[in-house]
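Undergrad: Provided herewith: data.json, JSON, C-alpha atoms and all ligand atoms.
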[["chain", "number", "residue", "atom", "x", "y", "z"],
["A", 1, "MET", "CA", 12.72, 34.84, 85.68],
["A", 2, "SER", "CA", 12.53, 31.87, 83.36],
["A", 3, "ASP", "CA", 13.28, 32.27, 79.72],
["A", 4, "SER", "CA", 9.75, 31.33, 78.66],
["A", 5, "THR", "CA", 8.16, 33.85, 81.03],
["A", 6, "ASP", "CA", 10.55, 36.43, 79.65],
["A", 7, "ARG", "CA", 9.47, 35.68, 76.13],
["A", 8, "GLN", "CA", 5.79, 35.66, 77.00],
["A", 9, "ARG", "CA", 6.20, 39.26, 78.09],
["A", 10, "THR", "CA", 6.71, 40.23, 74.49],
["A", 11, "LEU", "CA", 3.01, 39.41, 73.97],
["A", 12, "ASP", "CA", 0.35, 41.31, 75.91],
["A", 13, "ASP", "CA", -2.64, 39.57, 77.55],
["A", 14, "GLN", "CA", -4.92, 40.18, 74.57],
["A", 15, "GLN", "CA", -2.34, 38.70, 72.20],
["A", 16, "LEU", "CA", -1.76, 35.68, 74.44],
["A", 17, "LEU", "CA", -5.50, 35.07, 74.30],
["A", 18, "ARG", "CA", -5.86, 35.79, 70.58],
["A", 19, "TYR", "CA", -3.07, 33.38, 69.65],
["A", 20, "SER", "CA", -3.60, 30.88, 72.49],
["A", 21, "ARG", "CA", -4.73, 27.98, 70.31],
["A", 22, "GLN", "CA", -1.76, 28.17, 67.96],
["A", 23, "LEU", "CA", 0.68, 28.83, 70.83],
["A", 24, "LEU", "CA", -0.41, 25.44, 72.20],
["A", 25, "VAL", "CA", 0.89, 23.71, 69.07],
["A", 26, "GLU", "CA", 4.24, 22.22, 70.02],
["A", 27, "GLU", "CA", 5.87, 22.65, 66.61],
["A", 28, "PHE", "CA", 4.91, 26.34, 66.57],
["A", 29, "ASP", "CA", 4.76, 27.85, 70.09],
["A", 30, "LEU", "CA", 6.17, 31.23, 71.16],
["A", 31, "ASP", "CA", 9.15, 31.14, 68.84],
["A", 32, "GLY", "CA", 6.85, 30.68, 65.86],
["A", 33, "GLN", "CA", 4.60, 33.49, 67.11],
["A", 34, "GLN", "CA", 7.57, 35.82, 67.51],
["A", 35, "ALA", "CA", 8.76, 34.98, 64.01],
["A", 36, "LEU", "CA", 5.30, 35.70, 62.58],
["A", 37, "SER", "CA", 5.01, 39.02, 64.37],
["A", 38, "THR", "CA", 8.24, 40.30, 62.83],
["A", 39, "ALA", "CA", 7.63, 38.78, 59.37],
["A", 40, "THR", "CA", 6.77, 40.68, 56.21],
["A", 41, "VAL", "CA", 4.72, 38.73, 53.66],
["A", 42, "ILE", "CA", 4.02, 39.80, 50.07],
["A", 43, "ILE", "CA", 0.88, 38.41, 48.47],
["A", 44, "VAL", "CA", 0.78, 38.77, 44.68],
["A", 45, "GLY", "CA", -2.80, 38.61, 43.44],
["A", 46, "CYS", "CA", -5.84, 39.18, 45.68],
["A", 47, "GLY", "CA", -8.31, 36.62, 44.35],
["A", 48, "GLY", "CA", -9.35, 33.07, 45.20],
["A", 49, "LEU", "CA", -5.97, 31.87, 46.46],
["A", 50, "ALA", "CA", -5.20, 35.05, 48.38],
["A", 51, "SER", "CA", -8.62, 35.24, 50.06],
["A", 52, "PRO", "CA", -8.03, 32.36, 52.51],
["A", 53, "ALA", "CA", -4.23, 32.75, 52.50],
["A", 54, "ALA", "CA", -4.36, 36.40, 53.59],
["A", 55, "LEU", "CA", -7.15, 35.83, 56.13],
["A", 56, "TYR", "CA", -5.22, 33.01, 57.80],
["A", 57, "LEU", "CA", -1.92, 34.89, 57.79],
["A", 58, "ALA", "CA", -3.43, 38.07, 59.23],
["A", 59, "GLY", "CA", -5.38, 35.99, 61.75],
["A", 60, "ALA", "CA", -2.20, 34.19, 62.78],
["A", 61, "GLY", "CA", -0.48, 37.52, 63.52],
["A", 62, "VAL", "CA", 1.90, 38.17, 60.61],
["A", 63, "GLY", "CA", 3.43, 41.56, 61.37],
["A", 64, "ARG", "CA", 3.19, 43.10, 57.93],
["A", 65, "LEU", "CA", 1.31, 42.11, 54.78],
["A", 66, "LEU", "CA", 1.75, 43.71, 51.35],
["A", 67, "LEU", "CA", -1.14, 43.03, 48.97],
["A", 68, "VAL", "CA", -0.76, 43.79, 45.28],
["A", 69, "ASP", "CA", -3.43, 43.48, 42.58],
["A", 70, "ASP", "CA", -4.76, 45.89, 39.95],
["A", 71, "ASP", "CA", -8.13, 44.17, 39.55],
["A", 72, "ARG", "CA", -11.56, 45.07, 40.89],
["A", 73, "VAL", "CA", -14.12, 42.82, 42.58],
["A", 74, "GLU", "CA", -16.69, 41.40, 40.14],
["A", 75, "LEU", "CA", -19.87, 39.41, 40.70],
["A", 76, "SER", "CA", -18.30, 36.34, 39.02],
["A", 77, "ASN", "CA", -15.49, 36.37, 41.65],
["A", 78, "LEU", "CA", -17.66, 35.91, 44.72],
["A", 79, "HIS", "CA", -18.15, 32.13, 44.51],
["A", 80, "ARG", "CA", -14.44, 31.60, 45.27],
["A", 81, "GLN", "CA", -12.93, 34.87, 46.50],
["A", 82, "ILE", "CA", -14.35, 34.45, 49.98],
["A", 83, "ALA", "CA", -12.76, 37.53, 51.50],
["A", 84, "PHE", "CA", -15.15, 39.70, 49.45],
["A", 85, "HIS", "CA", -18.77, 40.53, 50.15],
["A", 86, "GLY", "CA", -21.49, 41.77, 47.83],
["A", 87, "ASP", "CA", -20.89, 45.38, 48.86],
["A", 88, "ASP", "CA", -17.26, 45.20, 47.70],
["A", 89, "LEU", "CA", -18.31, 44.95, 44.03],
["A", 90, "GLY", "CA", -16.40, 47.41, 41.87],
["A", 91, "GLU", "CA", -13.81, 48.12, 44.52],
["A", 92, "ALA", "CA", -10.07, 47.44, 44.08],
["A", 93, "LYS", "CA", -9.42, 43.92, 45.38],
["A", 94, "ALA", "CA", -6.24, 44.90, 47.23],
["A", 95, "VAL", "CA", -8.10, 47.66, 49.10],
["A", 96, "ALA", "CA", -11.16, 45.52, 49.94],
["A", 97, "LEU", "CA", -8.95, 42.67, 51.14],
["A", 98, "ALA", "CA", -6.80, 45.01, 53.24],
["A", 99, "ARG", "CA", -9.95, 46.38, 54.91],
["A", 100, "ARG", "CA", -11.12, 42.87, 55.80],
["A", 101, "LEU", "CA", -7.71, 41.97, 57.26],
["A", 102, "GLY", "CA", -7.61, 45.19, 59.25],
["A", 103, "ALA", "CA", -10.98, 44.33, 60.80],
["A", 104, "LEU", "CA", -9.75, 40.82, 61.62],
["A", 105, "ASN", "CA", -6.48, 41.64, 63.37],
["A", 106, "PRO", "CA", -5.11, 45.09, 64.23],
["A", 107, "ASP", "CA", -1.72, 43.45, 64.99],
["A", 108, "SER", "CA", -1.12, 43.06, 61.27],
["A", 109, "ARG", "CA", -0.04, 46.14, 59.34],
["A", 110, "VAL", "CA", -1.53, 45.76, 55.88],
["A", 111, "ASP", "CA", -0.54, 47.80, 52.84],
["A", 112, "ALA", "CA", -2.65, 47.59, 49.69],
["A", 113, "PHE", "CA", -1.14, 48.31, 46.28],
["A", 114, "VAL", "CA", -3.55, 48.76, 43.38],
["A", 115, "ALA", "CA", -0.86, 47.90, 40.88],
["A", 116, "ARG", "CA", 0.62, 45.16, 38.76],
["A", 117, "ALA", "CA", 3.38, 43.15, 40.43],
["A", 118, "ASP", "CA", 5.93, 43.91, 37.73],
["A", 119, "ALA", "CA", 9.72, 43.67, 38.08],
["A", 120, "ASP", "CA", 10.01, 47.28, 39.31],
["A", 121, "TRP", "CA", 7.39, 46.85, 42.01],
["A", 122, "LEU", "CA", 8.95, 43.56, 43.14],
["A", 123, "ASP", "CA", 12.49, 44.99, 43.18],
["A", 124, "ARG", "CA", 11.23, 47.79, 45.38],
["A", 125, "HIS", "CA", 9.39, 45.62, 47.93],
["A", 126, "LEU", "CA", 11.00, 42.15, 47.90],
["A", 127, "PRO", "CA", 14.13, 43.17, 49.85],
["A", 128, "ASP", "CA", 11.91, 43.73, 52.94],
["A", 129, "ALA", "CA", 10.01, 40.45, 52.55],
["A", 130, "THR", "CA", 10.39, 37.29, 54.61],
["A", 131, "VAL", "CA", 8.41, 35.23, 52.09],
["A", 132, "LEU", "CA", 6.27, 35.82, 48.99],
["A", 133, "LEU", "CA", 3.02, 34.06, 48.12],
["A", 134, "ASP", "CA", 2.27, 33.84, 44.43],
["A", 135, "CYS", "CA", -1.53, 33.91, 44.33],
["A", 136, "SER", "CA", -1.70, 35.21, 40.76],
["A", 137, "ASP", "CA", -3.71, 33.59, 37.99],
["A", 138, "ASN", "CA", -1.40, 33.67, 34.96],
["A", 139, "PHE", "CA", 1.96, 32.32, 33.82],
["A", 140, "ALA", "CA", 3.38, 35.70, 32.81],
["A", 141, "THR", "CA", 3.07, 37.04, 36.37],
["A", 142, "ARG", "CA", 4.37, 33.76, 37.82],
["A", 143, "GLN", "CA", 7.53, 34.01, 35.70],
["A", 144, "ILE", "CA", 8.11, 37.66, 36.69],
["A", 145, "VAL", "CA", 7.55, 36.83, 40.37],
["A", 146, "ASN", "CA", 9.87, 33.81, 40.20],
["A", 147, "ALA", "CA", 12.67, 35.78, 38.52],
["A", 148, "ALA", "CA", 12.39, 38.47, 41.20],
["A", 149, "CYS", "CA", 12.49, 35.88, 44.01],
["A", 150, "VAL", "CA", 15.64, 34.41, 42.40],
["A", 151, "ARG", "CA", 17.24, 37.90, 42.18],
["A", 152, "HIS", "CA", 16.47, 38.67, 45.82],
["A", 153, "ALA", "CA", 16.97, 35.11, 47.18],
["A", 154, "LYS", "CA", 13.50, 34.96, 48.79],
["A", 155, "PRO", "CA", 11.33, 31.91, 49.46],
["A", 156, "LEU", "CA", 8.40, 31.62, 47.06],
["A", 157, "VAL", "CA", 5.18, 29.81, 47.99],
["A", 158, "SER", "CA", 3.47, 29.02, 44.70],
["A", 159, "GLY", "CA", -0.16, 27.99, 44.27],
["A", 160, "ALA", "CA", -2.47, 27.51, 41.31],
["A", 161, "ALA", "CA", -5.94, 26.10, 40.67],
["A", 162, "ILE", "CA", -8.09, 25.52, 37.61],
["A", 163, "ARG", "CA", -11.28, 23.47, 37.13],
["A", 164, "MET", "CA", -10.91, 20.67, 39.72],
["A", 165, "ASP", "CA", -7.09, 20.68, 39.89],
["A", 166, "GLY", "CA", -4.65, 22.42, 42.18],
["A", 167, "GLN", "CA", -0.86, 22.73, 42.45],
["A", 168, "LEU", "CA", 1.29, 23.73, 45.38],
["A", 169, "ALA", "CA", 5.05, 24.11, 45.91],
["A", 170, "VAL", "CA", 7.65, 26.04, 47.88],
["A", 171, "PHE", "CA", 10.76, 27.22, 46.06],
["A", 172, "ASP", "CA", 13.22, 28.12, 48.80],
["A", 173, "LEU", "CA", 15.45, 30.46, 46.82],
["A", 174, "ARG", "CA", 17.43, 31.54, 49.87],
["A", 175, "ASP", "CA", 19.70, 28.63, 48.90],
["A", 176, "PRO", "CA", 21.07, 29.04, 45.34],
["A", 177, "GLY", "CA", 21.32, 25.24, 45.12],
["A", 178, "ASN", "CA", 17.51, 24.94, 45.18],
["A", 179, "ALA", "CA", 15.23, 24.80, 42.16],
["A", 180, "CYS", "CA", 13.17, 27.78, 41.04],
["A", 181, "TYR", "CA", 9.70, 27.82, 39.42],
["A", 182, "ALA", "CA", 11.25, 27.89, 35.93],
["A", 183, "CYS", "CA", 13.38, 24.79, 36.70],
["A", 184, "VAL", "CA", 10.10, 22.89, 37.07],
["A", 185, "TYR", "CA", 7.74, 24.64, 34.63],
["A", 186, "GLY", "CA", 10.18, 26.04, 32.08],
["A", 187, "GLU", "CA", 10.12, 29.66, 31.00],
["A", 188, "GLY", "CA", 7.03, 29.64, 28.87],
["A", 189, "THR", "CA", 3.86, 31.62, 29.38],
["A", 190, "ASP", "CA", 1.89, 29.56, 26.85],
["A", 191, "GLY", "CA", -1.06, 27.39, 27.65],
["A", 192, "ASP", "CA", -2.40, 29.99, 30.02],
["A", 193, "LEU", "CA", -5.94, 29.02, 30.94],
["A", 194, "ALA", "CA", -7.78, 31.69, 32.85],
["A", 195, "CYS", "CA", -10.59, 30.81, 35.26],
["A", 196, "SER", "CA", -12.80, 32.93, 33.00],
["A", 197, "GLU", "CA", -12.35, 30.34, 30.22],
["A", 198, "ALA", "CA", -11.75, 27.02, 32.01],
["A", 199, "GLY", "CA", -13.66, 27.60, 35.24],
["A", 200, "VAL", "CA", -12.74, 26.55, 38.78],
["A", 201, "LEU", "CA", -14.61, 25.29, 41.83],
["A", 202, "GLY", "CA", -14.35, 27.54, 44.88],
["A", 203, "PRO", "CA", -13.29, 24.89, 47.40],
["A", 204, "VAL", "CA", -10.46, 23.71, 45.11],
["A", 205, "VAL", "CA", -8.85, 27.15, 44.90],
["A", 206, "GLY", "CA", -9.68, 27.70, 48.59],
["A", 207, "ALA", "CA", -7.87, 24.52, 49.64],
["A", 208, "ILE", "CA", -4.74, 25.52, 47.75],
["A", 209, "GLY", "CA", -4.78, 29.08, 49.14],
["A", 210, "THR", "CA", -5.28, 27.76, 52.66],
["A", 211, "LEU", "CA", -2.26, 25.48, 52.29],
["A", 212, "GLN", "CA", -0.18, 28.36, 50.90],
["A", 213, "ALA", "CA", -0.80, 30.06, 54.26],
["A", 214, "LEU", "CA", 0.29, 26.91, 56.12],
["A", 215, "LEU", "CA", 3.49, 26.62, 54.07],
["A", 216, "ALA", "CA", 4.24, 30.32, 54.57],
["A", 217, "ILE", "CA", 3.84, 29.92, 58.34],
["A", 218, "GLN", "CA", 6.23, 26.96, 58.22],
["A", 219, "VAL", "CA", 8.79, 28.93, 56.20],
["A", 220, "ILE", "CA", 8.54, 31.85, 58.65],
["A", 221, "ALA", "CA", 8.84, 29.49, 61.65],
["A", 222, "GLY", "CA", 12.09, 28.16, 60.19],
["A", 223, "GLN", "CA", 10.95, 24.75, 59.03],
["A", 224, "GLU", "CA", 12.90, 23.23, 56.13],
["A", 225, "MET", "CA", 10.88, 22.90, 52.93],
["A", 226, "ALA", "CA", 11.04, 19.78, 50.77],
["A", 227, "PRO", "CA", 11.42, 20.32, 47.00],
["A", 228, "VAL", "CA", 8.07, 18.73, 46.21],
["A", 229, "LEU", "CA", 5.34, 19.71, 43.77],
["A", 230, "ARG", "CA", 1.98, 18.69, 45.19],
["A", 231, "LEU", "CA", -0.82, 18.06, 42.74],
["A", 232, "PHE", "CA", -4.41, 18.05, 44.02],
["A", 233, "ASP", "CA", -7.20, 16.25, 42.18],
["A", 234, "GLY", "CA", -10.54, 17.58, 43.37],
["A", 235, "ARG", "CA", -12.50, 14.83, 41.59],
["A", 236, "THR", "CA", -11.06, 12.13, 43.84],
["A", 237, "VAL", "CA", -9.91, 14.50, 46.62],
["A", 238, "SER", "CA", -6.42, 13.05, 46.38],
["A", 239, "TRP", "CA", -2.83, 14.27, 46.18],
["A", 240, "ARG", "CA", 0.19, 13.28, 44.12],
["A", 241, "GLU", "CA", 3.73, 14.36, 44.93],
["A", 242, "ILE", "CA", 6.54, 14.96, 42.47],
["A", 243, "ARG", "CA", 10.04, 15.71, 43.75],
["A", 244, "PHE", "CA", 11.95, 18.29, 41.73],
["A", 245, "ARG", "CA", 15.57, 19.35, 41.37],
["A", 246, "LYS", "CA", 17.43, 22.41, 40.23],
["A", 247, "ASP", "CA", 18.03, 22.49, 36.48],
["A", 248, "SER", "CA", 21.64, 23.66, 36.11],
["A", 249, "ARG", "CA", 20.76, 24.95, 32.60],
["A", 250, "CYS", "CA", 17.75, 26.94, 33.88],
["A", 251, "ALA", "CA", 17.78, 30.34, 32.14],
["A", 252, "VAL", "CA", 16.49, 32.04, 35.31],
["A", 253, "CYS", "CA", 18.53, 30.55, 38.16],
["A", 254, "GLY", "CA", 21.18, 28.37, 36.47],
["A", 255, "GLY", "CA", 24.90, 29.24, 36.43],
["A", 301, "ZN", "ZN", 15.58, 27.67, 37.86]]
As a first step, turn the structure in this file into structure tokens.
TA:
Amino acid sequence: MSDSTDRQRTLDDQQLLRYSRQLLVEEFDLDGQQALSTATVIIVGCGGLASPAALYLAGAGVGRLLLVDDDRVELSNLHRQIAFHGDDLGEAKAVALARRLGALNPDSRVDAFVARADADWLDRHLPDATVLLDCSDNFATRQIVNAACVRHAKPLVSGAAIRMDGQLAVFDLRDPGNACYACVYGEGTDGDLACSEAGVLGPVVGAIGTLQALLAIQVIAGQEMAPVLRLFDGRTVSWREIRFRKDSRCAVCGG
């Protein structure tokens, strides 16, 4: 029996059909599918970034997803947090999102945590993770998440959106020579602008969350990640790229 036939046997007929369109993609194929099916992905924050990110990752067949958020679904969330429906109002976001993912793809085991992703929670769950998506909406959480990913040497897919602007980067902390979030943004938590004050357009945050899913799939499939911060300007629908380097004096990851 050929190697590829052998490998196809690890997927049943329903799975071959479910994933057929992504299996056809040369850069992904069966190896990528296998990697997804055994991957564990943590998603911190279950709002506008996580809505598309989690839907795409569950749809693609990620084996296990851990969702963590202590917030509840509000009416003012629905214009951008597309995983939620009107009848989810008042429910814990992590629970409502987990239910949607469960309905989408029974291949994905989804665990919802109605909790804050603090250092204790992250230290408990990060050792099992293949990759973490930071879909939170504040600097304080981003710094805690980054420090934990440095401690546990895990790749961090970071996304953010406010008004008409988005930011996207992968910090591959499996290699201690790579930069962390604090190397690029510093350690501060100042200047935090919540969506509740500054506003955000749904498709801007949706585009960034969607691309977080793409980058996570690439990390899981073993693709090398460039140290590039991508800045999205929704007014002109254009991107700018800034290369970054490790800061040897970084208080979080430096010597
Ligand atoms: Zn650093």
Undergrad: Figure out the distance between CA of Asn138 in chain A and CA of Phe244 in chain A, please, to one decimal in Å.
TA: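 If I compute the distance from CA of Phe244 in chain A to CA of Asn138 in chain A, I get 21.5 Å.
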Undergrad: Residues within 8 Å of ligand ZN 301 (chain A) (only C-alpha atoms and all ligand atoms), as a PDB file with C-alpha atoms, in the frame of the given file?
TA:
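Generated file (selection.pdb):
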ATOM      1  CA  ALA A 179      15.230  24.800  42.160  1.00  0.00           C
ATOM      2  CA  CYS A 180      13.170  27.780  41.040  1.00  0.00           C
ATOM      3  CA  TYR A 181       9.700  27.820  39.420  1.00  0.00           C
ATOM      4  CA  ALA A 182      11.250  27.890  35.930  1.00  0.00           C
ATOM      5  CA  CYS A 183      13.380  24.790  36.700  1.00  0.00           C
ATOM      6  CA  VAL A 184      10.100  22.890  37.070  1.00  0.00           C
ATOM      7  CA  LYS A 246      17.430  22.410  40.230  1.00  0.00           C
ATOM      8  CA  ASP A 247      18.030  22.490  36.480  1.00  0.00           C
ATOM      9  CA  SER A 248      21.640  23.660  36.110  1.00  0.00           C
ATOM     10  CA  ARG A 249      20.760  24.950  32.600  1.00  0.00           C
ATOM     11  CA  CYS A 250      17.750  26.940  33.880  1.00  0.00           C
ATOM     12  CA  ALA A 251      17.780  30.340  32.140  1.00  0.00           C
ATOM     13  CA  VAL A 252      16.490  32.040  35.310  1.00  0.00           C
ATOM     14  CA  CYS A 253      18.530  30.550  38.160  1.00  0.00           C
ATOM     15  CA  GLY A 254      21.180  28.370  36.470  1.00  0.00           C
TER      16      GLY A 254
END
Undergrad: Go through A:Ile43, A:Ala60, A:Ala54, A:Ala35 and flag the residue nearest Ser158 in chain A, using all atoms listed in the file for the distances.
TA: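 For Ser158 in chain A, the nearest of the candidates is A:Ile43.
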Undergrad: Which one is closest to Arg151 in chain A: A:Arg243, A:Asp111, A:Val228, A:Pro127? Count all atoms listed in the file.
TA: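 The shortest atom-to-atom distance to Arg151 in chain A comes from A:Pro127.
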Undergrad: Rounded to one decimal place, report the CA of Ala169 in chain A-CA of Ala117 in chain A distance in Å.
TA: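 Taking CA of Ala169 in chain A as the start and CA of Ala117 in chain A as the end point, the length is 19.9 Å.
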Undergrad: Please determine, counting all atoms listed in the file, which residue among A:Asp120, A:Asp134, A:Asp165, A:Asp107 has the shortest atom-to-atom distance to Arg18 in chain A.
TA: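 Among the listed residues, the smallest separation from Arg18 in chain A belongs to A:Asp107.
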